[in-house]
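Input: a single structure, listed below in structure tokens.
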Amino acid sequence: MTTASANRLTPYLFLAPALIVLAVALLYPICYMIYASFLDWNPSQRIGEADWVGLRNYANLLGDGAFRESLWVTIKFAAIVVTAEMVLGVGLALLLDRNIRGMSVLRTLFILPMMIAPIVVGLMWRYMYHPTVGIFNRTLDNLGLPTVPWLSDGNWAFASIIIADIWQWTPFIFILSLAALQSLPQSAIEASKIDGASGWQTILYIKLPLMAPVLIVTCLLRLIDAFKVLEVILVLTNGGPGLSTEILSLRIARTASEFRELGVAAAMSNFLLILLMVLTIAMYLYNKAAEMRAARIRAAAEETS
Amino acid sequence: MTKHMKLTFAAAVVASLGAPALADGHIPAPYQPYAGTTLVVNFPAHPHYNAAIKVLPEFTKQTGIEVEVDQLQYLKMRERQTLELTKREGDYDLISYVVFSKADYVFADQLENLARFFMNPKLADPNYDSADLIDGYVENIGLAGGEKGYLPGPTASLYGIPFGSETSVLGYRKDIFEKHGLEVPTTYDELLDLACRIPELEPEMGGLASRAASGHQASHAFLLHLNPLGGGIFDDSWEPIVNNETGVEAANALKTIVDCGIEGSQTFGPSEAAAAFAQGDYAMFLDSIAFAATFEDPSKSQVVGQVGWALHPEGVKRASQTGGFGIGIPKNAQNKEAAFLLMQWLTSKEADLMIAMEGGNPSRFSTYENAELNAKYPYAATFGEALKYADPDWRPIIPTWGKINADLGTTLSQIITEGLDVQEGLNGVAERSRAIMDDAGYYTWN
């Protein structure tokens, strides 16, 4: 081997360990799951004993009313919670982006909900939603208002899991938005003030656009999480009443353990994976387009000046 | 792993220390070859098994065989076993399994056929008296390979022994019934009438506490009514009949019961239903005998001494639940003979009584007739009577049941909470069940 070719190989040699780790830790499980989704595999069998059924699992899923229902519930859930959390979290960050005494304590308090283990969050809310002794219905009762069937009516149960999720995850968006806000270039904000921009105008035209890259990543992270949320709903409603709160990850868990259809569960997981990948790529493309547009405007501005 | 090695080591130390004393005849001959062995068993977190764990030291004392218990919530236990049983060499020597796991484990050839142990003169106790075991339970939990594959019949054989099995009974508040001069219901008409009359007589009180939560729980509650009313999930050729007139009647019965319950009863599981009854929120409770001891425990119940028991009311016939747990030996167990000895000991007359006295569910008729037990738990006689009507064909114990059960349960929840039409809902279940059964090959011979 010549020195030149050895030199050419050196970078790959250094990359190799990372590649191997990536292949073992990431690619192998994903390929395993994709392979499993083509099998009629029940958990009493070893994977080698399972029958190959081709695309049957996927075809069956498309015709399965319960799966479609749970897909719809998941999309509805993710859209509502992420929108609400983004509005609330960014709003809170804009409100609290100032020097208040005891701010660090306040900030720690705000992020408490997301530090609590999901199972505990589920249990806590289940007691608060309790039809007779829960805090909500007791308060309503004391005020002379009619009580609410929080977890025992389909629509209310869906609202209940949304409220619990917003409570738990708004702080996540709040803390990231606040960090983004505090790292904004002060010069731009000062310039806007000198130009006579009002508070709203500063937020709309300066702060939010500058925060956009962070907000998009935050939104994406929350969206991915919202699609996979399991524990809180498992404890709160276990998918019921009916299928009203049976989100996809819960359906996957039930398919694997209750219905004992590992192949179908793997197919569902792949479905979820594809859905999330499409979302991620869409977000990424949007981000890229926005960046390019900004670059074009900048270039144009530089030319004219 | 380390935990196991440590325990085995501890057992070895105990065995070597105890060996001289044991050798001079303290241990009966059949157990001697296995003295010092450590068995690993998998039990559910369940009142019966808590009672059984209390008597295990007595087994070790009598036989020199150590027992290590791995106790899990019962649905978690099933998941764990599913993984454990597919291994080449399993960690468990004896497992407890939920009745509907019988289908999966036997079908996958993961449980030992018990015949070869009962045929072995060195292992089988001639005084075991298998005729004393409650037949409904043995047929339901132990036998496989007979009629319809999961029922007794000339081709059936034994894969497990009932241990922690249960049936359904009606609990009622003696004080409330006396106050309003009510009769204990013996038929379904009386039961349903009372279930809705009680909230009128006693405001704030529900009629009959029942499971209803979406999925398995709602389906279980429906089966409680479907069987006595004379219905079934399938006919003899596996065609779904869940949507016939009787099915609709049973679903309506469930809906009536939940509608006449307290707020939030639409999401009750068995423990919530039992807790509500124990808190005095209900006048009646129709579910497993396993909860009876809880109602007499002052730390958990406000109705101690007020609960009377009666047979599960009659529809067109008496058919109370068969369910709960059995114990079996995994095919991949490492100490099968010793595990059989433990299994035989736990279900012997002596141990069955000991466990029952600790609050467990007996597996033997003779235990229910025992005077001592009846003195401690006055309801034992009623429960013994209820067992005569325990229906071994209470639910189809077939591998596809998990999926059908879940679908039936979610549909029933939609009927209860979202006002889905009963007939329309059950028609949907029947249609989907037929597709599932067709897929699994149940119509191959038609």
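Following the order of the structure tokens, first chain is A, next is B, and so on, with residues numbered from 1 inside each chain and ligands from 1 in the order they appear.
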
Residues at most 9 Å from stretch 45-54 of chain B, counting only C-alpha atoms, excluding those fewer than 5 positions away in the same chain, as an NGL selection string? :B and (69 or 71-74 or 163-165 or 290-291 or 293 or 346 or 351-352 or 354-362)

Go ahead and save the picked residues with C-alpha atoms, as an mmCIF file, in the first residue's frame.
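New file part.cif:
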data_model
loop_
_atom_site.group_PDB
_atom_site.id
_atom_site.type_symbol
_atom_site.label_atom_id
_atom_site.label_comp_id
_atom_site.auth_asym_id
_atom_site.auth_seq_id
_atom_site.Cartn_x
_atom_site.Cartn_y
_atom_site.Cartn_z
ATOM 1 C CA VAL B 69 -40.788 -15.897 44.486
ATOM 2 C CA GLN B 71 -44.122 -11.501 42.125
ATOM 3 C CA LEU B 72 -45.538 -9.226 39.397
ATOM 4 C CA GLN B 73 -48.790 -7.437 38.551
ATOM 5 C CA TYR B 74 -50.805 -10.048 36.659
ATOM 6 C CA PHE B 163 -54.524 -22.187 42.200
ATOM 7 C CA GLY B 164 -56.113 -18.854 43.025
ATOM 8 C CA SER B 165 -59.118 -19.543 40.842
ATOM 9 C CA ALA B 290 -61.345 -12.737 45.731
ATOM 10 C CA PHE B 291 -62.574 -9.376 47.062
ATOM 11 C CA ALA B 293 -61.768 -10.722 52.522
ATOM 12 C CA LEU B 346 -49.512 -26.229 47.312
ATOM 13 C CA ALA B 351 -51.847 -26.539 52.132
ATOM 14 C CA ASP B 352 -55.117 -25.561 50.469
ATOM 15 C CA MET B 354 -53.632 -23.310 55.283
ATOM 16 C CA ILE B 355 -53.758 -20.840 52.379
ATOM 17 C CA ALA B 356 -57.522 -20.434 52.683
ATOM 18 C CA MET B 357 -57.131 -19.624 56.375
ATOM 19 C CA GLU B 358 -54.729 -16.831 55.353
ATOM 20 C CA GLY B 359 -57.394 -15.411 53.018
ATOM 21 C CA GLY B 360 -56.680 -17.313 49.759
ATOM 22 C CA ASN B 361 -59.244 -18.890 47.392
ATOM 23 C CA PRO B 362 -59.558 -22.645 47.963
#

Just want the 10 Å neighbourhood of A:Leu215, counted on only C-alpha atoms, with same-chain residues fewer than 4 positions away dropped. Output as a PyMOL selection string. chain A and resi 86+90+173+176-177+180+208-211+219-221

Using only C-alpha atoms, which of the listed residues (A:Ser37, A:Thr147, A:Ser249, A:Ser160) sits closest to chain B? A:Thr147

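Counting from atom CA of A:Met33, the distance to atom CA of A:Ala265 is 9.3 Å.
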
Which residue gives the smallest distance to B:Lys76 among B:Pro154, B:Pro392, B:Pro44, B:Gly215, with only C-alpha atoms counted? B:Pro44

Expected answer as a ChimeraX atom specification: chain A residues within 10 Å of chain B, only C-alpha atoms: /A:42-46,64-66,129-132,147-155,237-244,254-261

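If you count only C-alpha atoms and ignore residues fewer than 6 places along the chain from A:Leu61, what sits within 10 Å of it is Phe67, Arg68, Val264, Ala265, Ala267, Met268 and Phe271 of chain A.
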
Any chance you could export the current selection's C-alpha atoms as a compact mmCIF listing (two decimals), in the first residue's frame?
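This went into result.txt:
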# COMPACT_ATOMS: atom_id res chain seq x y z
CA PHE A 67 -56.28 1.89 13.88
CA ARG A 68 -57.59 4.71 11.73
CA VAL A 264 -48.74 -5.73 13.34
CA ALA A 265 -47.29 -3.69 16.21
CA ALA A 267 -46.00 -2.23 11.15
CA MET A 268 -47.81 0.40 13.24
CA PHE A 271 -46.23 3.93 10.20

Need to verify the contact set: B:Ile397, 10 Å, only C-alpha atoms, exclusion of same-chain residues closer than 4 positions in sequence. Can you return it as a ChimeraX atom specification? /B:99-104,140-141,144,148-151,392-393,401-402

Take the residues from that selection and put them in a file with N, CA and C atoms, as a CSV table (one decimal), in the first residue's frame.
chain,number,residue,atom,x,y,z
B,99,VAL,N,-56.0,-17.4,33.4
B,99,VAL,CA,-56.7,-18.4,32.7
B,99,VAL,C,-56.6,-18.3,31.2
B,100,PHE,N,-56.7,-17.1,30.7
B,100,PHE,CA,-56.6,-17.0,29.2
B,100,PHE,C,-55.3,-17.2,28.6
B,101,SER,N,-54.2,-17.3,29.5
B,101,SER,CA,-52.9,-17.6,28.9
B,101,SER,C,-52.8,-19.1,28.6
B,102,LYS,N,-53.7,-19.9,29.1
B,102,LYS,CA,-53.7,-21.3,28.9
B,102,LYS,C,-53.6,-21.6,27.4
B,103,ALA,N,-54.5,-20.9,26.6
B,103,ALA,CA,-54.5,-21.1,25.2
B,103,ALA,C,-53.2,-20.8,24.5
B,104,ASP,N,-52.6,-19.7,24.9
B,104,ASP,CA,-51.3,-19.3,24.2
B,104,ASP,C,-50.2,-20.2,24.6
B,140,ASN,N,-61.6,-25.6,33.4
B,140,ASN,CA,-61.4,-24.2,32.9
B,140,ASN,C,-59.9,-23.9,32.8
B,141,ILE,N,-59.2,-24.2,33.8
B,141,ILE,CA,-57.8,-23.7,33.9
B,141,ILE,C,-56.8,-24.8,33.5
B,144,ALA,N,-56.7,-28.9,28.5
B,144,ALA,CA,-56.7,-28.4,27.2
B,144,ALA,C,-56.7,-29.6,26.2
B,148,LYS,N,-63.8,-28.2,21.5
B,148,LYS,CA,-63.4,-26.9,21.0
B,148,LYS,C,-61.9,-26.5,21.3
B,149,GLY,N,-61.2,-27.5,21.7
B,149,GLY,CA,-59.8,-27.3,22.0
B,149,GLY,C,-59.4,-26.8,23.4
B,150,TYR,N,-60.4,-26.1,24.0
B,150,TYR,CA,-60.0,-25.5,25.3
B,150,TYR,C,-60.8,-26.1,26.4
B,151,LEU,N,-61.7,-27.0,26.1
B,151,LEU,CA,-62.7,-27.5,27.1
B,151,LEU,C,-62.3,-29.0,27.4
B,392,PRO,N,-67.4,-23.7,33.1
B,392,PRO,CA,-66.1,-23.8,32.5
B,392,PRO,C,-66.0,-23.2,31.1
B,393,ASP,N,-67.1,-23.1,30.5
B,393,ASP,CA,-67.1,-22.5,29.1
B,393,ASP,C,-67.6,-21.0,29.2
B,401,TRP,N,-58.6,-14.8,21.4
B,401,TRP,CA,-59.5,-14.1,22.4
B,401,TRP,C,-59.0,-12.7,22.8
B,402,GLY,N,-57.7,-12.6,23.0
B,402,GLY,CA,-57.1,-11.3,23.4
B,402,GLY,C,-57.6,-10.2,22.5

Which residues, written as a ChimeraX atom specification, have at least one atom at most 8 Å from stretch 170-176 of chain B, with only C-alpha atoms counted and residues fewer than 5 positions away on the same chain left out? /B:184,283-287,303,306-313

Would you write out those residues with C-alpha atoms, as a JSON list (two decimals), in the first residue's frame?
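Result file follows (selection.json):
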[["chain", "number", "residue", "atom", "x", "y", "z"],
["B", 184, "VAL", "CA", -81.95, -10.42, 47.89],
["B", 283, "ALA", "CA", -75.66, -1.47, 47.91],
["B", 284, "MET", "CA", -74.56, -4.45, 45.76],
["B", 285, "PHE", "CA", -71.37, -5.87, 44.26],
["B", 286, "LEU", "CA", -71.24, -8.58, 41.60],
["B", 287, "ASP", "CA", -67.74, -9.84, 40.96],
["B", 303, "VAL", "CA", -68.82, -1.87, 55.62],
["B", 306, "GLN", "CA", -72.60, -5.45, 56.88],
["B", 307, "VAL", "CA", -71.95, -7.56, 53.78],
["B", 308, "GLY", "CA", -74.13, -10.56, 52.98],
["B", 309, "TRP", "CA", -73.38, -12.97, 50.12],
["B", 310, "ALA", "CA", -75.65, -14.75, 47.68],
["B", 311, "LEU", "CA", -75.30, -16.80, 44.51],
["B", 312, "HIS", "CA", -74.86, -15.02, 41.19],
["B", 313, "PRO", "CA", -78.49, -14.35, 40.12]]

Mind checking which residues fall within 10 Å of stretch 181-194 of chain A, counting only C-alpha atoms, ignoring those fewer than 4 positions away in the same chain, and posting them as a PyMOL selection string? chain A and resi 90+93-94+97-98+175-177+198-199+201-203+205-208+210-211+214

Atom CA of A:Thr74 and atom CA of A:Ile247 are how many Å apart? 4.9 Å

The residue from B:Ile436, B:Ile257, B:Leu111, B:Val106 with the smallest atom-to-atom distance to B:Asn332, counting only C-alpha atoms, is B:Leu111

Looking at only C-alpha atoms, which of B:Asp135, B:Asp93, B:Glu66, B:Asp297 is the one that sits closest to B:Asp391?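 Distance minimum relative to B:Asp391 lands on B:Asp135.
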
Show me, as a list of chain:residue names, the residues that have an atom within 7 Å of B:Thr246 when counting only C-alpha atoms, minus same-chain residues fewer than 4 positions from it.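 My reading of the contact set: B:Leu229, B:Gly230, B:Gly231, B:Ala250.
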
Restricting the calculation to only C-alpha atoms: of A:Leu140, A:Phe174, A:Arg126, A:Glu69, which residue gets closest to A:Thr108?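 Of all the options, A:Phe174 lies closest to A:Thr108.
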
What residues in stretch 111-334 of chain B get the DSSP label alpha helix (DSSP H)? Please answer as a short mmCIF file (atom, residue, chain, number, x, y, z; two decimals) with N, CA and C atoms, in the first residue's frame.
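Heads up, here's the output in part_6.cif:
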data_model
loop_
_atom_site.label_atom_id
_atom_site.label_comp_id
_atom_site.auth_asym_id
_atom_site.auth_seq_id
_atom_site.Cartn_x
_atom_site.Cartn_y
_atom_site.Cartn_z
N ALA B 115 -49.21 -35.34 32.90
CA ALA B 115 -49.42 -36.79 33.01
C ALA B 115 -48.15 -37.51 33.46
N ARG B 116 -47.00 -37.14 32.87
CA ARG B 116 -45.79 -37.89 33.18
C ARG B 116 -45.35 -37.73 34.64
N PHE B 117 -45.80 -36.66 35.28
CA PHE B 117 -45.47 -36.50 36.70
C PHE B 117 -46.43 -37.32 37.56
N PHE B 118 -47.72 -37.26 37.20
CA PHE B 118 -48.70 -38.02 37.98
C PHE B 118 -48.51 -39.53 37.78
N ASP B 135 -64.13 -29.18 40.07
CA ASP B 135 -64.04 -29.60 38.66
C ASP B 135 -64.16 -28.46 37.66
N GLY B 136 -65.05 -27.48 37.98
CA GLY B 136 -65.21 -26.35 37.06
C GLY B 136 -63.87 -25.66 36.81
N TYR B 137 -63.09 -25.53 37.89
CA TYR B 137 -61.79 -24.88 37.78
C TYR B 137 -60.79 -25.73 36.99
N LYS B 174 -76.39 -5.82 53.99
CA LYS B 174 -77.49 -6.34 54.80
C LYS B 174 -78.30 -5.21 55.44
N ASP B 175 -77.57 -4.17 55.92
CA ASP B 175 -78.26 -3.07 56.61
C ASP B 175 -79.22 -2.32 55.68
N ILE B 176 -78.75 -2.06 54.43
CA ILE B 176 -79.59 -1.31 53.49
C ILE B 176 -80.80 -2.15 53.08
N PHE B 177 -80.56 -3.43 52.82
CA PHE B 177 -81.66 -4.30 52.41
C PHE B 177 -82.71 -4.40 53.52
N GLU B 178 -82.23 -4.46 54.78
CA GLU B 178 -83.15 -4.57 55.91
C GLU B 178 -83.95 -3.29 56.08
N LYS B 179 -83.23 -2.15 55.95
CA LYS B 179 -83.85 -0.84 56.15
C LYS B 179 -85.05 -0.63 55.22
N TYR B 188 -82.31 -12.31 37.23
CA TYR B 188 -81.80 -11.10 36.58
C TYR B 188 -82.79 -9.96 36.58
N ASP B 189 -84.09 -10.29 36.42
CA ASP B 189 -85.09 -9.22 36.46
C ASP B 189 -85.06 -8.51 37.79
N GLU B 190 -85.00 -9.32 38.87
CA GLU B 190 -84.97 -8.71 40.21
C GLU B 190 -83.71 -7.87 40.40
N LEU B 191 -82.59 -8.42 39.89
CA LEU B 191 -81.31 -7.73 40.05
C LEU B 191 -81.33 -6.36 39.38
N LEU B 192 -81.80 -6.34 38.12
CA LEU B 192 -81.79 -5.08 37.37
C LEU B 192 -82.79 -4.09 37.96
N ASP B 193 -83.92 -4.62 38.41
CA ASP B 193 -84.92 -3.76 39.02
C ASP B 193 -84.33 -3.09 40.27
N LEU B 194 -83.68 -3.91 41.11
CA LEU B 194 -83.10 -3.38 42.36
C LEU B 194 -81.97 -2.40 42.08
N ALA B 195 -81.16 -2.72 41.06
CA ALA B 195 -80.00 -1.88 40.76
C ALA B 195 -80.42 -0.43 40.54
N CYS B 196 -81.60 -0.24 39.93
CA CYS B 196 -82.05 1.12 39.67
C CYS B 196 -83.00 1.64 40.74
N ARG B 197 -83.55 0.73 41.56
CA ARG B 197 -84.48 1.18 42.62
C ARG B 197 -83.70 1.73 43.81
N ILE B 198 -82.51 1.15 44.06
CA ILE B 198 -81.73 1.58 45.23
C ILE B 198 -81.35 3.06 45.19
N PRO B 199 -80.86 3.59 44.03
CA PRO B 199 -80.54 5.02 44.02
C PRO B 199 -81.76 5.90 44.34
N GLU B 200 -82.98 5.39 44.08
CA GLU B 200 -84.17 6.17 44.43
C GLU B 200 -84.42 6.12 45.93
N LEU B 201 -84.18 4.93 46.51
CA LEU B 201 -84.42 4.77 47.94
C LEU B 201 -83.34 5.45 48.78
N HIS B 216 -60.74 -4.78 28.41
CA HIS B 216 -60.94 -6.03 29.13
C HIS B 216 -62.02 -5.95 30.22
N GLN B 217 -62.05 -4.86 30.97
CA GLN B 217 -62.97 -4.77 32.11
C GLN B 217 -64.43 -4.76 31.67
N ALA B 218 -64.75 -3.95 30.66
CA ALA B 218 -66.13 -3.90 30.18
C ALA B 218 -66.55 -5.26 29.61
N SER B 219 -65.61 -5.89 28.90
CA SER B 219 -65.92 -7.18 28.31
C SER B 219 -66.18 -8.22 29.41
N HIS B 220 -65.38 -8.18 30.47
CA HIS B 220 -65.56 -9.11 31.59
C HIS B 220 -66.95 -8.91 32.22
N ALA B 221 -67.32 -7.65 32.44
CA ALA B 221 -68.62 -7.35 33.05
C ALA B 221 -69.76 -7.87 32.17
N PHE B 222 -69.60 -7.73 30.87
CA PHE B 222 -70.60 -8.20 29.91
C PHE B 222 -70.75 -9.71 29.99
N LEU B 223 -69.62 -10.42 30.07
CA LEU B 223 -69.65 -11.89 30.16
C LEU B 223 -70.35 -12.35 31.44
N LEU B 224 -70.18 -11.57 32.51
CA LEU B 224 -70.84 -11.91 33.78
C LEU B 224 -72.35 -12.05 33.57
N HIS B 225 -72.91 -11.20 32.67
CA HIS B 225 -74.35 -11.24 32.43
C HIS B 225 -74.73 -12.15 31.26
N LEU B 226 -73.85 -12.18 30.26
CA LEU B 226 -74.15 -12.94 29.03
C LEU B 226 -74.37 -14.43 29.33
N GLU B 245 -80.10 -11.82 20.18
CA GLU B 245 -81.01 -11.17 21.14
C GLU B 245 -80.44 -11.20 22.55
N THR B 246 -79.85 -12.34 22.93
CA THR B 246 -79.31 -12.47 24.29
C THR B 246 -78.12 -11.53 24.49
N GLY B 247 -77.29 -11.41 23.46
CA GLY B 247 -76.15 -10.50 23.55
C GLY B 247 -76.62 -9.07 23.80
N VAL B 248 -77.64 -8.67 23.03
CA VAL B 248 -78.18 -7.32 23.20
C VAL B 248 -78.75 -7.15 24.61
N GLU B 249 -79.43 -8.21 25.09
CA GLU B 249 -80.01 -8.16 26.44
C GLU B 249 -78.91 -7.97 27.49
N ALA B 250 -77.80 -8.72 27.32
CA ALA B 250 -76.70 -8.63 28.29
C ALA B 250 -76.05 -7.25 28.25
N ALA B 251 -75.88 -6.71 27.04
CA ALA B 251 -75.27 -5.37 26.93
C ALA B 251 -76.18 -4.32 27.54
N ASN B 252 -77.49 -4.49 27.31
CA ASN B 252 -78.43 -3.55 27.93
C ASN B 252 -78.39 -3.66 29.45
N ALA B 253 -78.25 -4.91 29.96
CA ALA B 253 -78.17 -5.10 31.41
C ALA B 253 -76.96 -4.34 31.95
N LEU B 254 -75.82 -4.47 31.27
CA LEU B 254 -74.61 -3.78 31.71
C LEU B 254 -74.82 -2.27 31.70
N LYS B 255 -75.44 -1.79 30.63
CA LYS B 255 -75.67 -0.34 30.51
C LYS B 255 -76.58 0.16 31.63
N THR B 256 -77.65 -0.61 31.89
CA THR B 256 -78.57 -0.24 32.97
C THR B 256 -77.82 -0.16 34.29
N ILE B 257 -76.99 -1.16 34.56
CA ILE B 257 -76.27 -1.21 35.83
C ILE B 257 -75.34 -0.01 35.98
N VAL B 258 -74.62 0.32 34.89
CA VAL B 258 -73.70 1.46 34.97
C VAL B 258 -74.48 2.77 35.08
N ASP B 259 -75.59 2.88 34.32
CA ASP B 259 -76.38 4.11 34.38
C ASP B 259 -76.94 4.35 35.78
N PRO B 270 -62.07 -3.52 38.34
CA PRO B 270 -62.56 -4.28 39.49
C PRO B 270 -62.17 -3.66 40.83
N SER B 271 -60.95 -3.13 40.94
CA SER B 271 -60.56 -2.59 42.24
C SER B 271 -61.32 -1.32 42.57
N GLU B 272 -61.60 -0.49 41.54
CA GLU B 272 -62.38 0.72 41.81
C GLU B 272 -63.80 0.35 42.23
N ALA B 273 -64.38 -0.65 41.54
CA ALA B 273 -65.73 -1.08 41.90
C ALA B 273 -65.75 -1.62 43.33
N ALA B 274 -64.74 -2.44 43.67
CA ALA B 274 -64.68 -3.00 45.02
C ALA B 274 -64.46 -1.89 46.05
N ALA B 275 -63.60 -0.92 45.71
CA ALA B 275 -63.33 0.17 46.65
C ALA B 275 -64.59 0.98 46.89
N ALA B 276 -65.37 1.24 45.82
CA ALA B 276 -66.59 2.02 45.98
C ALA B 276 -67.58 1.28 46.89
N PHE B 277 -67.66 -0.04 46.72
CA PHE B 277 -68.55 -0.83 47.58
C PHE B 277 -68.03 -0.80 49.03
N ALA B 278 -66.72 -0.92 49.18
CA ALA B 278 -66.12 -0.92 50.52
C ALA B 278 -66.30 0.43 51.21
N ALA B 292 -63.81 -10.66 48.74
CA ALA B 292 -64.60 -10.80 49.97
C ALA B 292 -63.81 -10.44 51.22
N ALA B 293 -62.56 -10.94 51.31
CA ALA B 293 -61.77 -10.72 52.52
C ALA B 293 -61.52 -9.23 52.74
N THR B 294 -61.35 -8.47 51.63
CA THR B 294 -61.10 -7.02 51.73
C THR B 294 -62.24 -6.30 52.43
N PHE B 295 -63.50 -6.73 52.13
CA PHE B 295 -64.64 -6.03 52.71
C PHE B 295 -64.73 -6.23 54.22
#

Select, from A:Ala6, A:Val121, A:Leu204, A:Ala226, the residue with the minimum atom-to-atom distance to A:Glu85, counting only C-alpha atoms. A:Ala226
